[in-house]
file model_22.csv (CSV, C-alpha atoms)
chain,number,residue,atom,x,y,z
A,1,MET,CA,45.8,38.9,-129.4
A,2,ALA,CA,47.6,35.7,-130.5
A,3,GLU,CA,51.3,35.6,-130.0
A,4,GLY,CA,53.2,36.2,-133.3
A,5,ARG,CA,55.8,33.9,-134.7
A,6,GLU,CA,59.3,34.1,-133.5
A,7,LEU,CA,61.6,36.1,-135.7
A,8,ILE,CA,64.8,36.4,-133.6
A,9,ARG,CA,65.9,34.7,-130.5
A,10,LEU,CA,69.1,35.4,-128.6
A,11,GLU,CA,70.2,33.1,-125.7
A,12,GLN,CA,73.1,34.1,-123.6
A,13,VAL,CA,74.6,36.1,-126.5
A,14,ARG,CA,77.7,38.1,-125.6
A,15,VAL,CA,78.4,41.1,-127.8
A,16,PRO,CA,81.9,42.6,-127.9
A,17,LEU,CA,81.7,46.4,-127.7
A,18,PRO,CA,84.3,48.2,-129.8
A,19,GLY,CA,86.4,50.7,-127.9
A,20,ALA,CA,85.4,49.3,-124.5
A,21,ALA,CA,87.9,46.5,-123.8
A,22,GLY,CA,86.5,43.7,-121.7
A,23,VAL,CA,83.0,45.1,-121.7
A,24,LEU,CA,80.3,42.7,-123.1
A,25,ILE,CA,76.6,42.6,-123.2
A,26,THR,CA,74.9,39.3,-122.3
A,27,VAL,CA,71.5,39.1,-123.9
A,28,ASP,CA,68.4,36.9,-123.6
A,29,TRP,CA,65.8,38.3,-125.9
A,30,THR,CA,63.0,37.2,-128.2
A,31,LEU,CA,61.4,39.2,-131.0
A,32,ARG,CA,58.0,38.2,-132.3
A,33,GLU,CA,56.1,39.2,-135.4
A,34,GLY,CA,54.0,42.3,-134.9
A,35,GLU,CA,56.1,43.8,-132.1
A,36,PHE,CA,57.7,47.2,-131.9
A,37,TRP,CA,60.9,47.4,-129.8
A,38,VAL,CA,62.8,50.5,-128.7
A,39,VAL,CA,66.3,49.8,-127.6
A,40,GLY,CA,67.8,52.8,-125.7
A,41,GLY,CA,71.2,53.7,-124.4
A,42,LEU,CA,73.4,56.7,-124.1
A,43,ASN,CA,76.0,57.5,-126.8
A,44,GLY,CA,78.7,54.8,-126.9
A,45,SER,CA,76.6,52.2,-124.9
A,46,GLY,CA,76.8,49.6,-127.7
A,47,LYS,CA,73.3,50.0,-129.3
A,48,SER,CA,74.6,49.9,-132.9
A,49,THR,CA,76.8,46.8,-132.3
A,50,TRP,CA,73.9,45.0,-130.6
A,51,LEU,CA,71.5,45.9,-133.4
A,52,SER,CA,73.9,44.7,-136.1
A,53,THR,CA,74.4,41.4,-134.2
A,54,ALA,CA,70.7,40.8,-133.6
A,55,ALA,CA,70.2,41.3,-137.4
A,56,GLY,CA,72.8,38.8,-138.2
A,57,LEU,CA,75.3,41.2,-139.7
A,58,TYR,CA,77.9,40.4,-137.0
A,59,PRO,CA,78.3,37.0,-135.3
A,60,PRO,CA,77.8,37.0,-131.5
A,61,GLY,CA,80.9,36.6,-129.4
A,62,GLN,CA,79.3,33.6,-127.9
A,63,GLY,CA,75.8,32.2,-127.2
A,64,HIS,CA,73.0,31.0,-129.5
A,65,GLN,CA,71.1,33.0,-132.1
A,66,TRP,CA,68.1,32.0,-134.2
A,67,ILE,CA,66.7,34.2,-137.0
A,68,PHE,CA,63.4,33.2,-138.6
A,69,GLY,CA,63.7,29.9,-136.7
A,70,ARG,CA,67.1,29.0,-138.1
A,71,ASP,CA,70.2,28.5,-136.0
A,72,THR,CA,72.9,31.0,-137.3
A,73,ARG,CA,75.7,28.6,-136.3
A,74,GLU,CA,74.4,26.2,-139.0
A,75,MET,CA,74.1,28.8,-141.8
A,76,VAL,CA,76.4,29.1,-144.8
A,77,GLU,CA,76.9,32.5,-146.6
A,78,ARG,CA,74.0,31.7,-149.0
A,79,ASP,CA,71.7,31.2,-146.0
A,80,ARG,CA,72.8,34.4,-144.4
A,81,ALA,CA,72.2,36.4,-147.6
A,82,GLU,CA,68.7,35.0,-147.8
A,83,ILE,CA,68.0,35.9,-144.2
A,84,ARG,CA,69.4,39.4,-144.7
A,85,SER,CA,67.1,40.0,-147.7
A,86,ASN,CA,64.1,39.7,-145.4
A,87,ILE,CA,65.4,42.1,-142.8
A,88,GLY,CA,65.3,45.8,-143.8
A,89,PHE,CA,68.3,47.4,-142.0
A,90,VAL,CA,68.9,51.1,-141.9
A,91,PHE,CA,72.3,52.2,-140.7
A,92,GLU,CA,72.8,55.3,-138.6
A,93,ASN,CA,73.8,58.7,-139.8
A,94,THR,CA,73.5,58.8,-143.7
A,95,GLY,CA,72.6,55.2,-144.1
A,96,ARG,CA,75.7,54.1,-146.1
A,97,LEU,CA,74.3,55.2,-149.5
A,98,PHE,CA,76.3,54.8,-152.7
A,99,ALA,CA,77.6,58.3,-153.6
A,100,GLU,CA,77.9,57.4,-157.3
A,101,LEU,CA,74.2,56.5,-157.6
A,102,ASN,CA,71.3,58.9,-157.5
A,103,VAL,CA,68.4,58.5,-155.0
A,104,ALA,CA,66.3,56.3,-157.3
A,105,GLU,CA,69.3,54.2,-158.2
A,106,ASN,CA,70.2,53.6,-154.6
A,107,VAL,CA,66.7,52.5,-153.8
A,108,ALA,CA,66.4,50.3,-156.9
A,109,LEU,CA,69.7,48.5,-156.4
A,110,PRO,CA,68.8,45.7,-154.0
A,111,LEU,CA,65.5,44.9,-155.9
A,112,SER,CA,67.2,44.9,-159.3
A,113,TYR,CA,69.9,42.6,-157.9
A,114,ARG,CA,67.3,40.2,-156.5
A,115,LYS,CA,65.3,40.2,-159.8
A,116,ASN,CA,68.5,40.1,-161.9
A,117,CYS,CA,67.3,42.9,-164.0
A,118,PRO,CA,68.3,46.5,-164.9
A,119,ALA,CA,67.3,49.2,-162.4
A,120,GLU,CA,65.0,50.7,-165.1
A,121,ASP,CA,62.8,47.6,-164.8
A,122,VAL,CA,61.9,48.3,-161.2
A,123,LEU,CA,61.3,52.0,-161.3
A,124,LYS,CA,57.6,51.7,-160.9
A,125,GLU,CA,58.1,49.9,-157.5
A,126,VAL,CA,60.8,52.5,-156.6
A,127,SER,CA,58.5,55.5,-157.3
A,128,VAL,CA,55.8,54.1,-155.0
A,129,VAL,CA,58.2,53.8,-152.1
A,130,LEU,CA,59.9,57.1,-152.8
A,131,ASP,CA,56.5,58.8,-152.8
A,132,ALA,CA,55.6,57.2,-149.5
A,133,CYS,CA,58.9,58.4,-147.9
A,134,GLY,CA,58.4,62.0,-149.3
A,135,LEU,CA,61.4,61.6,-151.7
A,136,SER,CA,59.7,61.9,-155.1
A,137,ASP,CA,61.2,65.3,-155.8
A,138,TYR,CA,64.7,64.0,-155.1
A,139,ALA,CA,64.7,60.8,-157.3
A,140,ALA,CA,67.4,62.2,-159.7
A,141,SER,CA,69.5,63.9,-157.0
A,142,GLU,CA,72.8,62.6,-155.7
A,143,PRO,CA,72.8,61.8,-152.0
A,144,SER,CA,75.5,64.3,-151.3
A,145,VAL,CA,73.1,67.3,-152.0
A,146,LEU,CA,70.6,66.0,-149.5
A,147,SER,CA,70.5,66.8,-145.7
A,148,ARG,CA,71.6,64.0,-143.4
A,149,GLY,CA,68.0,63.4,-142.4
A,150,MET,CA,66.8,63.1,-146.0
A,151,GLN,CA,69.7,60.7,-146.8
A,152,ARG,CA,68.5,58.6,-143.9
A,153,ARG,CA,65.0,58.5,-145.5
A,154,VAL,CA,66.6,57.3,-148.7
A,155,ALA,CA,68.2,54.4,-146.8
A,156,LEU,CA,64.8,53.7,-145.3
A,157,ALA,CA,63.3,53.5,-148.8
A,158,ARG,CA,66.1,51.2,-149.9
A,159,ALA,CA,65.2,48.9,-147.0
A,160,LEU,CA,61.5,49.0,-147.7
A,161,ILE,CA,61.8,48.2,-151.4
A,162,MET,CA,62.5,44.6,-150.6
A,163,GLY,CA,59.3,44.1,-148.8
A,164,PRO,CA,60.9,42.8,-145.6
A,165,ASP,CA,59.1,41.1,-142.7
A,166,LEU,CA,61.3,43.0,-140.2
A,167,LEU,CA,62.6,46.5,-140.2
A,168,MET,CA,65.6,47.4,-138.0
A,169,ILE,CA,66.7,51.1,-137.8
A,170,ASP,CA,69.8,52.4,-136.0
A,171,SER,CA,69.1,55.8,-134.3
A,172,PRO,CA,66.6,57.3,-136.8
A,173,LEU,CA,66.0,60.4,-134.6
A,174,THR,CA,69.6,61.4,-134.0
A,175,SER,CA,70.2,65.0,-135.1
A,176,GLN,CA,66.6,65.4,-136.3
A,177,ASP,CA,64.5,68.4,-135.5
A,178,PRO,CA,61.1,67.8,-133.8
A,179,GLN,CA,59.2,67.9,-137.1
A,180,GLN,CA,61.4,65.3,-138.7
A,181,SER,CA,61.3,63.2,-135.5
A,182,ARG,CA,57.6,63.2,-135.6
A,183,TRP,CA,57.6,62.1,-139.3
A,184,TRP,CA,59.7,59.0,-138.4
A,185,VAL,CA,57.5,58.0,-135.5
A,186,ASP,CA,54.3,58.5,-137.4
A,187,PHE,CA,55.6,56.8,-140.6
A,188,LEU,CA,56.8,53.7,-138.7
A,189,ASP,CA,53.4,53.4,-137.1
A,190,SER,CA,51.8,53.7,-140.6
A,191,LEU,CA,54.0,50.8,-141.9
A,192,ARG,CA,52.7,48.5,-139.2
A,193,LYS,CA,49.1,49.5,-140.0
A,194,ASP,CA,49.6,48.5,-143.6
A,195,GLU,CA,48.5,51.9,-144.9
A,196,HIS,CA,50.7,51.9,-148.1
A,197,ALA,CA,50.6,50.5,-151.6
A,198,PHE,CA,53.5,48.2,-151.1
A,199,LYS,CA,54.3,45.3,-148.7
A,200,THR,CA,55.2,46.7,-145.3
A,201,PRO,CA,56.8,45.2,-142.3
A,202,SER,CA,54.7,44.6,-139.2
A,203,THR,CA,57.7,44.3,-136.9
A,204,VAL,CA,60.1,47.1,-136.1
A,205,VAL,CA,63.2,47.6,-133.9
A,206,VAL,CA,64.8,51.0,-133.4
A,207,THR,CA,67.6,52.2,-131.3
A,208,THR,CA,67.6,55.6,-129.6
A,209,GLU,CA,69.2,57.9,-127.1
A,210,GLU,CA,65.8,59.2,-126.0
A,211,PHE,CA,62.7,57.2,-125.0
A,212,GLY,CA,60.4,60.3,-124.9
A,213,PRO,CA,59.4,60.4,-128.6
A,214,TRP,CA,58.7,56.7,-128.6
A,215,LEU,CA,56.4,56.4,-125.5
A,216,ALA,CA,53.4,54.8,-127.1
A,217,SER,CA,51.4,52.0,-125.5
A,218,ASP,CA,52.1,49.3,-128.1
A,219,ARG,CA,55.9,49.4,-127.7
A,220,GLN,CA,58.4,47.4,-125.7
A,221,PHE,CA,61.6,49.0,-124.3
A,222,VAL,CA,65.1,47.9,-123.6
A,223,LEU,CA,68.0,49.7,-121.9
A,224,ILE,CA,71.6,49.1,-122.7
A,225,ASP,CA,73.7,50.6,-119.9
A,226,SER,CA,77.2,49.9,-118.5
A,227,GLY,CA,77.5,46.7,-120.6
A,228,GLU,CA,74.2,45.2,-119.5
A,229,PHE,CA,71.0,44.5,-121.4
A,230,HIS,CA,67.8,45.3,-119.4
A,231,VAL,CA,64.3,44.5,-120.8
A,232,LEU,CA,62.2,47.2,-119.2
A,233,GLY,CA,58.8,46.3,-120.6
A,234,ASP,CA,56.0,48.7,-121.8
A,235,ARG,CA,55.6,52.4,-121.5
A,236,SER,CA,54.4,52.3,-117.9
A,237,SER,CA,57.5,50.3,-116.9
A,238,VAL,CA,59.7,53.0,-118.4
A,239,THR,CA,57.9,56.0,-116.9
A,240,GLY,CA,57.8,54.2,-113.5
A,241,ASP,CA,61.5,53.3,-113.5
A,242,SER,CA,63.4,55.4,-110.9
A,243,ARG,CA,66.9,54.8,-112.3
A,244,PRO,CA,68.4,58.1,-113.2
A,245,VAL,CA,69.6,57.0,-116.7
A,246,VAL,CA,66.0,55.8,-117.6
A,247,ARG,CA,64.4,59.0,-116.3
A,248,GLU,CA,66.9,61.1,-118.2
A,249,MET,CA,66.1,59.2,-121.4
A,250,TRP,CA,62.4,59.8,-121.3
A,251,VAL,CA,62.1,63.1,-119.3
A,252,GLY,CA,65.2,64.8,-120.7
A,253,ARG,CA,68.2,66.4,-119.1

call {"tool": "encode", "arguments": {"input": "model_22.csv", "output": "structure tokens"}}
result
Amino acid sequence: MAEGRELIRLEQVRVPLPGAAGVLITVDWTLREGEFWVVGGLNGSGKSTWLSTAAGLYPPGQGHQWIFGRDTREMVERDRAEIRSNIGFVFENTGRLFAELNVAENVALPLSYRKNCPAEDVLKEVSVVLDACGLSDYAASEPSVLSRGMQRRVALARALIMGPDLLMIDSPLTSQDPQQSRWWVDFLDSLRKDEHAFKTPSTVVVTTEEFGPWLASDRQFVLIDSGEFHVLGDRSSVTGDSRPVVREMWVGR
């Protein structure tokens, strides 16, 4: 299979880790179109900070970063906003939804902003994405009445409504039961197979505290541990790794 175009490249990037004074992650990493990366680490290892930095939400402490072929050091705020609109980012926990907006309004917001139109004008597109995410029955609900897992799905729908080339999700399986975890794994696979009636991303990056649910043959794995960034490789590299932290993350405690 031909090598996909480069979406993100990090060279000697150092990421300051909050709450861990003096601890930094030094990263060399390239993300290409069509890839699925699983970035694992124990709680507090720095996965969220790394993911936000890779997405261009935070500047790296030092080093060079390119997103969609553009050097982030040469970007102005308008450039960064354009880049961010093509990266669907789902924050951890409840996804940072707007409490004063209902589910449909939360999902419609970024698209209505891009098109400079009222939310009512994009409801058709919103309904298609809500249906795909199993959220149609909650369109008029406030986020506060939904479970944390369903709020996370709303945040996913909000990211997908923009038709991004790249989807980055921070810890989608945290505090999910096995059925909900399976939904996320299967749904992300369906996005990359273009099985939906809207533009879907072919490239996905997720963070996790457990490799086990993600052990499919078409994924690449990273471990963040003790302030270091280790590219592990494919599924066989993970299952063949003898380090206790890696085994714990795919076998379980």

call {"tool": "residues_around", "arguments": {"input": "model_22.csv", "residues": "region 184-193 of chain A", "least_positions_apart": "3", "cutoff": "7 Å", "atoms": "all atoms listed in the file", "output": "count of residues only"}}
result
6

call {"tool": "closest_residue", "arguments": {"input": "model_22.csv", "among": "A:Val15, A:Leu111, A:Val122, A:Val103", "to": "Ser136 (chain A)", "atoms": "all atoms listed in the file"}}
result
A:Val103

call {"tool": "closest_residue", "arguments": {"input": "model_22.csv", "among": "A:Glu210, A:Asp137, A:Glu228, A:Asp71", "to": "Thr26 (chain A)", "atoms": "all atoms listed in the file"}}
result
A:Glu228

call {"tool": "closest_residue", "arguments": {"input": "model_22.csv", "among": "A:Leu166, A:Leu173, A:Val128, A:Ala108", "to": "Arg148 (chain A)", "atoms": "all atoms listed in the file"}}
result
A:Leu173

call {"tool": "closest_residue", "arguments": {"input": "model_22.csv", "among": "A:Gln179, A:Gln151, A:Ser236, A:Thr207", "to": "Leu135 (chain A)", "atoms": "only C-alpha atoms"}}
result
A:Gln151

call {"tool": "closest_residue", "arguments": {"input": "model_22.csv", "among": "A:Arg153, A:Ser45, A:Val39, A:Val246", "to": "Asp131 (chain A)", "atoms": "only C-alpha atoms"}}
result
A:Arg153

call {"tool": "residues_around", "arguments": {"input": "model_22.csv", "residues": "Glu120 (chain A)", "least_positions_apart": "3", "cutoff": "9 Å", "atoms": "only C-alpha atoms", "output": "MDAnalysis selection string"}}
result
chainID A and resid 105 108 112 117 123:124

call {"tool": "closest_residue", "arguments": {"input": "model_22.csv", "among": "A:Ser127, A:Ser141, A:Ser237, A:Ser242", "to": "Glu100 (chain A)", "atoms": "all atoms listed in the file"}}
result
A:Ser141

call {"tool": "atom_distance", "arguments": {"input": "model_22.csv", "atom1": "CA of Glu11 (chain A)", "atom2": "CA of His64 (chain A)"}}
result
5.2 Å

call {"tool": "residues_near_point", "arguments": {"input": "model_22.csv", "point": "(67.3, 64.4, -149.9)", "cutoff": "12 Å", "atoms": "only C-alpha atoms", "output": "mmCIF file with C-alpha atoms, in the coordinates of the input"}}
result
data_model
loop_
_atom_site.group_PDB
_atom_site.id
_atom_site.type_symbol
_atom_site.label_atom_id
_atom_site.label_comp_id
_atom_site.auth_asym_id
_atom_site.auth_seq_id
_atom_site.Cartn_x
_atom_site.Cartn_y
_atom_site.Cartn_z
ATOM 1 C CA THR A 94 73.500 58.800 -143.700
ATOM 2 C CA LEU A 97 74.300 55.200 -149.500
ATOM 3 C CA ASN A 102 71.300 58.900 -157.500
ATOM 4 C CA VAL A 103 68.400 58.500 -155.000
ATOM 5 C CA ALA A 104 66.300 56.300 -157.300
ATOM 6 C CA LEU A 130 59.900 57.100 -152.800
ATOM 7 C CA CYS A 133 58.900 58.400 -147.900
ATOM 8 C CA GLY A 134 58.400 62.000 -149.300
ATOM 9 C CA LEU A 135 61.400 61.600 -151.700
ATOM 10 C CA SER A 136 59.700 61.900 -155.100
ATOM 11 C CA ASP A 137 61.200 65.300 -155.800
ATOM 12 C CA TYR A 138 64.700 64.000 -155.100
ATOM 13 C CA ALA A 139 64.700 60.800 -157.300
ATOM 14 C CA ALA A 140 67.400 62.200 -159.700
ATOM 15 C CA SER A 141 69.500 63.900 -157.000
ATOM 16 C CA GLU A 142 72.800 62.600 -155.700
ATOM 17 C CA PRO A 143 72.800 61.800 -152.000
ATOM 18 C CA SER A 144 75.500 64.300 -151.300
ATOM 19 C CA VAL A 145 73.100 67.300 -152.000
ATOM 20 C CA LEU A 146 70.600 66.000 -149.500
ATOM 21 C CA SER A 147 70.500 66.800 -145.700
ATOM 22 C CA ARG A 148 71.600 64.000 -143.400
ATOM 23 C CA GLY A 149 68.000 63.400 -142.400
ATOM 24 C CA MET A 150 66.800 63.100 -146.000
ATOM 25 C CA GLN A 151 69.700 60.700 -146.800
ATOM 26 C CA ARG A 152 68.500 58.600 -143.900
ATOM 27 C CA ARG A 153 65.000 58.500 -145.500
ATOM 28 C CA VAL A 154 66.600 57.300 -148.700
ATOM 29 C CA ALA A 155 68.200 54.400 -146.800
ATOM 30 C CA LEU A 156 64.800 53.700 -145.300
ATOM 31 C CA ALA A 157 63.300 53.500 -148.800
#

call {"tool": "atom_distance", "arguments": {"input": "model_22.csv", "atom1": "CA of Trp183 (chain A)", "atom2": "CA of Glu3 (chain A)"}}
result
28.8 Å

call {"tool": "atom_distance", "arguments": {"input": "model_22.csv", "atom1": "CA of Gly41 (chain A)", "atom2": "CA of Val205 (chain A)"}}
result
13.8 Å

call {"tool": "residues_near_point", "arguments": {"input": "model_22.csv", "point": "(57.8, 42.6, -136.0)", "cutoff": "10 Å", "atoms": "all atoms listed in the file", "output": "JSON list (two decimals) with C-alpha atoms, in the frame of the given file"}}
result
[["chain", "number", "residue", "atom", "x", "y", "z"],
["A", 4, "GLY", "CA", 53.20, 36.20, -133.30],
["A", 5, "ARG", "CA", 55.80, 33.90, -134.70],
["A", 6, "GLU", "CA", 59.30, 34.10, -133.50],
["A", 7, "LEU", "CA", 61.60, 36.10, -135.70],
["A", 8, "ILE", "CA", 64.80, 36.40, -133.60],
["A", 31, "LEU", "CA", 61.40, 39.20, -131.00],
["A", 32, "ARG", "CA", 58.00, 38.20, -132.30],
["A", 33, "GLU", "CA", 56.10, 39.20, -135.40],
["A", 34, "GLY", "CA", 54.00, 42.30, -134.90],
["A", 35, "GLU", "CA", 56.10, 43.80, -132.10],
["A", 36, "PHE", "CA", 57.70, 47.20, -131.90],
["A", 37, "TRP", "CA", 60.90, 47.40, -129.80],
["A", 165, "ASP", "CA", 59.10, 41.10, -142.70],
["A", 166, "LEU", "CA", 61.30, 43.00, -140.20],
["A", 167, "LEU", "CA", 62.60, 46.50, -140.20],
["A", 168, "MET", "CA", 65.60, 47.40, -138.00],
["A", 192, "ARG", "CA", 52.70, 48.50, -139.20],
["A", 201, "PRO", "CA", 56.80, 45.20, -142.30],
["A", 202, "SER", "CA", 54.70, 44.60, -139.20],
["A", 203, "THR", "CA", 57.70, 44.30, -136.90],
["A", 204, "VAL", "CA", 60.10, 47.10, -136.10],
["A", 205, "VAL", "CA", 63.20, 47.60, -133.90]]

call {"tool": "residues_around", "arguments": {"input": "model_22.csv", "residues": "region 76-88 of chain A", "least_positions_apart": "4", "cutoff": "8 Å", "atoms": "all atoms listed in the file", "output": "list in words"}}
result
Ala55, Gly56, Leu57, Ile67, Phe68, Thr72, Ala159, Leu160, Met162, Gly163, Pro164, Asp165, Leu166, Leu167 and Met168 of chain A

call {"tool": "residues_around", "arguments": {"input": "model_22.csv", "residues": "region 223-226 of chain A", "least_positions_apart": "3", "cutoff": "10 Å", "atoms": "only C-alpha atoms", "output": "list in words"}}
result
Val23, Leu24, Ile25, Val38, Val39, Gly40, Gly41, Leu42, Gly44, Ser45, Gly46, Lys47, Trp50, Thr207, Thr208, Glu209, Phe211, Phe229, His230, Val231, Leu232, Gly233, Val238, Val245, Val246 and Met249 of chain A

call {"tool": "write_last_selection", "arguments": {"input": "model_22.csv", "atoms": "C-alpha atoms", "output": "PDB file, in the frame of the given file"}}
result
ATOM      1  CA  VAL A  23      83.000  45.100-121.700  1.00  0.00           C
ATOM      2  CA  LEU A  24      80.300  42.700-123.100  1.00  0.00           C
ATOM      3  CA  ILE A  25      76.600  42.600-123.200  1.00  0.00           C
ATOM      4  CA  VAL A  38      62.800  50.500-128.700  1.00  0.00           C
ATOM      5  CA  VAL A  39      66.300  49.800-127.600  1.00  0.00           C
ATOM      6  CA  GLY A  40      67.800  52.800-125.700  1.00  0.00           C
ATOM      7  CA  GLY A  41      71.200  53.700-124.400  1.00  0.00           C
ATOM      8  CA  LEU A  42      73.400  56.700-124.100  1.00  0.00           C
ATOM      9  CA  GLY A  44      78.700  54.800-126.900  1.00  0.00           C
ATOM     10  CA  SER A  45      76.600  52.200-124.900  1.00  0.00           C
ATOM     11  CA  GLY A  46      76.800  49.600-127.700  1.00  0.00           C
ATOM     12  CA  LYS A  47      73.300  50.000-129.300  1.00  0.00           C
ATOM     13  CA  TRP A  50      73.900  45.000-130.600  1.00  0.00           C
ATOM     14  CA  THR A 207      67.600  52.200-131.300  1.00  0.00           C
ATOM     15  CA  THR A 208      67.600  55.600-129.600  1.00  0.00           C
ATOM     16  CA  GLU A 209      69.200  57.900-127.100  1.00  0.00           C
ATOM     17  CA  PHE A 211      62.700  57.200-125.000  1.00  0.00           C
ATOM     18  CA  PHE A 229      71.000  44.500-121.400  1.00  0.00           C
ATOM     19  CA  HIS A 230      67.800  45.300-119.400  1.00  0.00           C
ATOM     20  CA  VAL A 231      64.300  44.500-120.800  1.00  0.00           C
ATOM     21  CA  LEU A 232      62.200  47.200-119.200  1.00  0.00           C
ATOM     22  CA  GLY A 233      58.800  46.300-120.600  1.00  0.00           C
ATOM     23  CA  VAL A 238      59.700  53.000-118.400  1.00  0.00           C
ATOM     24  CA  VAL A 245      69.600  57.000-116.700  1.00  0.00           C
ATOM     25  CA  VAL A 246      66.000  55.800-117.600  1.00  0.00           C
ATOM     26  CA  MET A 249      66.100  59.200-121.400  1.00  0.00           C
TER      27      MET A 249
END
